[in-house]
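Input: a single structure, listed below in structure tokens.
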Amino acid sequence: MKTPRLAAAAIIVVFLMPAAHAANPMRGQLLYENWCYHCHLTEIHFRVDSKVDSWGKLLQMVAVWQAEMNLGWKPEDVADVASYLNRRYYGLVGTGIE
């Protein structure tokens with residue numbers, strides 16, 4: 001089963017992310033619009049059963065899906081996309097990027 005391996009990989013990516021990286025939501029928007037938007041229309045971010053309830057979970061979900069699509073993103077890319085999604089859709093606090 002792929003899902004446990006992807007989840008484990010995502011967790012590793014999140015924890016290995018350099019603390020000094022200042023997430024760039026503008027760059028994240030470009031990555032998202034280029035690689036993710038075709039499948040993830042706006043409605044996905046407003047689902048009643050949203051799996052995103054924290055910054056860590058948002059990072060994990062972005063990391064899982066980029067791995068599923070074999071995009072080869074670095075941890076900084078994941079953080080950039082997550083920061084864009086947080087500013088655009090989620091508004092999570094305590095992320096250090098507000």
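Just so we're on the same page: first chain in the structure tokens is A, next is B, and so on; residues restart at 1 for each chain, and ligands are numbered from 1 in the order they show up.
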Contact residues around range 45-54 of chain A with only C-alpha atoms at 10 Å, ignoring same-chain residues under 4 positions, as an MDAnalysis selection string
chainID A and resid 40:41 58:61 85:86 88:95
Would you output that residue set with C-alpha atoms, as a PDB file, in the first residue's frame?
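Output contents, as saved in again.pdb:
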ATOM      1  CA  HIS A  40      -7.497  20.832  -6.997  1.00  0.00           C
ATOM      2  CA  LEU A  41     -10.121  23.372  -7.809  1.00  0.00           C
ATOM      3  CA  LEU A  58      -1.100  21.340   5.728  1.00  0.00           C
ATOM      4  CA  LEU A  59       2.627  20.755   5.205  1.00  0.00           C
ATOM      5  CA  GLN A  60       2.047  17.016   5.391  1.00  0.00           C
ATOM      6  CA  MET A  61      -0.770  17.066   2.834  1.00  0.00           C
ATOM      7  CA  LEU A  85      -2.575  27.813   0.523  1.00  0.00           C
ATOM      8  CA  ASN A  86      -2.659  29.025   4.113  1.00  0.00           C
ATOM      9  CA  ARG A  88      -5.388  32.003   0.313  1.00  0.00           C
ATOM     10  CA  TYR A  89      -7.693  29.439   1.901  1.00  0.00           C
ATOM     11  CA  TYR A  90      -6.964  28.251   5.445  1.00  0.00           C
ATOM     12  CA  GLY A  91      -5.860  31.183   7.636  1.00  0.00           C
ATOM     13  CA  LEU A  92      -4.145  28.959  10.179  1.00  0.00           C
ATOM     14  CA  VAL A  93      -2.400  30.831  12.972  1.00  0.00           C
ATOM     15  CA  GLY A  94       0.825  29.959  14.736  1.00  0.00           C
ATOM     16  CA  THR A  95       2.623  29.062  11.512  1.00  0.00           C
TER      17      THR A  95
END
To test your reading of the structure, identify every residue in range 25-92 of chain A that backbone DSSP assigns to alpha helix (DSSP H), and report it as an MDAnalysis selection string.
chainID A and resid 25:35 55:68 75:85
Next, the residues of the selection above should be written as an mmCIF file, in the first residue's frame with N, CA and C atoms.
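Here's the written file again-v4.cif:
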data_model
loop_
_atom_site.group_PDB
_atom_site.id
_atom_site.type_symbol
_atom_site.label_atom_id
_atom_site.label_comp_id
_atom_site.auth_asym_id
_atom_site.auth_seq_id
_atom_site.Cartn_x
_atom_site.Cartn_y
_atom_site.Cartn_z
ATOM 1 N N PRO A 25 5.069 32.704 -0.233
ATOM 2 C CA PRO A 25 3.756 32.366 -0.779
ATOM 3 C C PRO A 25 3.582 32.733 -2.248
ATOM 4 N N MET A 26 4.288 33.746 -2.738
ATOM 5 C CA MET A 26 4.171 34.098 -4.159
ATOM 6 C C MET A 26 4.767 32.999 -5.028
ATOM 7 N N ARG A 27 5.887 32.467 -4.613
ATOM 8 C CA ARG A 27 6.489 31.346 -5.321
ATOM 9 C C ARG A 27 5.598 30.114 -5.177
ATOM 10 N N GLY A 28 5.030 29.941 -3.996
ATOM 11 C CA GLY A 28 4.116 28.827 -3.763
ATOM 12 C C GLY A 28 2.900 28.888 -4.670
ATOM 13 N N GLN A 29 2.414 30.089 -4.917
ATOM 14 C CA GLN A 29 1.272 30.250 -5.822
ATOM 15 C C GLN A 29 1.632 29.789 -7.229
ATOM 16 N N LEU A 30 2.820 30.141 -7.686
ATOM 17 C CA LEU A 30 3.254 29.715 -9.020
ATOM 18 C C LEU A 30 3.358 28.195 -9.117
ATOM 19 N N LEU A 31 3.942 27.588 -8.098
ATOM 20 C CA LEU A 31 4.043 26.127 -8.092
ATOM 21 C C LEU A 31 2.655 25.494 -8.072
ATOM 22 N N TYR A 32 1.785 26.011 -7.216
ATOM 23 C CA TYR A 32 0.431 25.461 -7.089
ATOM 24 C C TYR A 32 -0.338 25.589 -8.397
ATOM 25 N N GLU A 33 -0.294 26.763 -8.979
ATOM 26 C CA GLU A 33 -1.045 26.986 -10.218
ATOM 27 C C GLU A 33 -0.484 26.160 -11.374
ATOM 28 N N ASN A 34 0.806 25.891 -11.351
ATOM 29 C CA ASN A 34 1.420 25.107 -12.421
ATOM 30 C C ASN A 34 1.193 23.609 -12.257
ATOM 31 N N TRP A 35 1.255 23.107 -11.026
ATOM 32 C CA TRP A 35 1.239 21.662 -10.806
ATOM 33 C C TRP A 35 -0.016 21.125 -10.129
ATOM 34 N N TRP A 55 -1.012 23.732 10.801
ATOM 35 C CA TRP A 55 0.079 24.012 9.867
ATOM 36 C C TRP A 55 0.832 22.727 9.526
ATOM 37 N N GLY A 56 1.088 21.910 10.523
ATOM 38 C CA GLY A 56 1.782 20.657 10.288
ATOM 39 C C GLY A 56 1.020 19.739 9.344
ATOM 40 N N LYS A 57 -0.291 19.691 9.495
ATOM 41 C CA LYS A 57 -1.113 18.853 8.625
ATOM 42 C C LYS A 57 -1.124 19.407 7.198
ATOM 43 N N LEU A 58 -1.148 20.737 7.057
ATOM 44 C CA LEU A 58 -1.100 21.340 5.728
ATOM 45 C C LEU A 58 0.226 21.003 5.041
ATOM 46 N N LEU A 59 1.325 21.133 5.759
ATOM 47 C CA LEU A 59 2.627 20.755 5.205
ATOM 48 C C LEU A 59 2.636 19.281 4.811
ATOM 49 N N GLN A 60 2.078 18.443 5.665
ATOM 50 C CA GLN A 60 2.047 17.016 5.391
ATOM 51 C C GLN A 60 1.235 16.709 4.136
ATOM 52 N N MET A 61 0.079 17.327 3.999
ATOM 53 C CA MET A 61 -0.770 17.066 2.834
ATOM 54 C C MET A 61 -0.076 17.509 1.537
ATOM 55 N N VAL A 62 0.561 18.676 1.556
ATOM 56 C CA VAL A 62 1.276 19.141 0.357
ATOM 57 C C VAL A 62 2.417 18.171 0.038
ATOM 58 N N ALA A 63 3.146 17.738 1.072
ATOM 59 C CA ALA A 63 4.263 16.813 0.859
ATOM 60 C C ALA A 63 3.777 15.471 0.316
ATOM 61 N N VAL A 64 2.669 14.963 0.841
ATOM 62 C CA VAL A 64 2.124 13.681 0.375
ATOM 63 C C VAL A 64 1.737 13.767 -1.097
ATOM 64 N N TRP A 65 1.033 14.846 -1.462
ATOM 65 C CA TRP A 65 0.550 14.929 -2.844
ATOM 66 C C TRP A 65 1.662 15.205 -3.839
ATOM 67 N N GLN A 66 2.674 15.971 -3.435
ATOM 68 C CA GLN A 66 3.776 16.180 -4.379
ATOM 69 C C GLN A 66 4.526 14.872 -4.568
ATOM 70 N N ALA A 67 4.619 14.044 -3.524
ATOM 71 C CA ALA A 67 5.266 12.741 -3.661
ATOM 72 C C ALA A 67 4.418 11.812 -4.528
ATOM 73 N N GLU A 68 3.105 11.847 -4.327
ATOM 74 C CA GLU A 68 2.191 11.016 -5.122
ATOM 75 C C GLU A 68 2.310 11.336 -6.608
ATOM 76 N N PRO A 75 11.909 20.435 0.379
ATOM 77 C CA PRO A 75 11.111 20.897 1.519
ATOM 78 C C PRO A 75 10.719 22.374 1.406
ATOM 79 N N GLU A 76 11.594 23.180 0.817
ATOM 80 C CA GLU A 76 11.296 24.601 0.656
ATOM 81 C C GLU A 76 10.112 24.811 -0.294
ATOM 82 N N ASP A 77 10.020 23.989 -1.328
ATOM 83 C CA ASP A 77 8.898 24.071 -2.266
ATOM 84 C C ASP A 77 7.591 23.739 -1.564
ATOM 85 N N VAL A 78 7.628 22.688 -0.730
ATOM 86 C CA VAL A 78 6.447 22.296 0.032
ATOM 87 C C VAL A 78 6.013 23.443 0.944
ATOM 88 N N ALA A 79 6.971 24.060 1.626
ATOM 89 C CA ALA A 79 6.654 25.177 2.528
ATOM 90 C C ALA A 79 6.089 26.369 1.763
ATOM 91 N N ASP A 80 6.617 26.640 0.588
ATOM 92 C CA ASP A 80 6.128 27.757 -0.221
ATOM 93 C C ASP A 80 4.673 27.528 -0.638
ATOM 94 N N VAL A 81 4.363 26.322 -1.113
ATOM 95 C CA VAL A 81 2.994 26.018 -1.527
ATOM 96 C C VAL A 81 2.060 26.048 -0.320
ATOM 97 N N ALA A 82 2.494 25.467 0.781
ATOM 98 C CA ALA A 82 1.662 25.471 1.992
ATOM 99 C C ALA A 82 1.401 26.896 2.477
ATOM 100 N N SER A 83 2.404 27.760 2.383
ATOM 101 C CA SER A 83 2.200 29.146 2.830
ATOM 102 C C SER A 83 1.208 29.868 1.926
ATOM 103 N N TYR A 84 1.272 29.591 0.629
ATOM 104 C CA TYR A 84 0.283 30.180 -0.284
ATOM 105 C C TYR A 84 -1.117 29.680 0.055
ATOM 106 N N LEU A 85 -1.258 28.379 0.208
ATOM 107 C CA LEU A 85 -2.575 27.813 0.523
ATOM 108 C C LEU A 85 -3.106 28.347 1.845
#
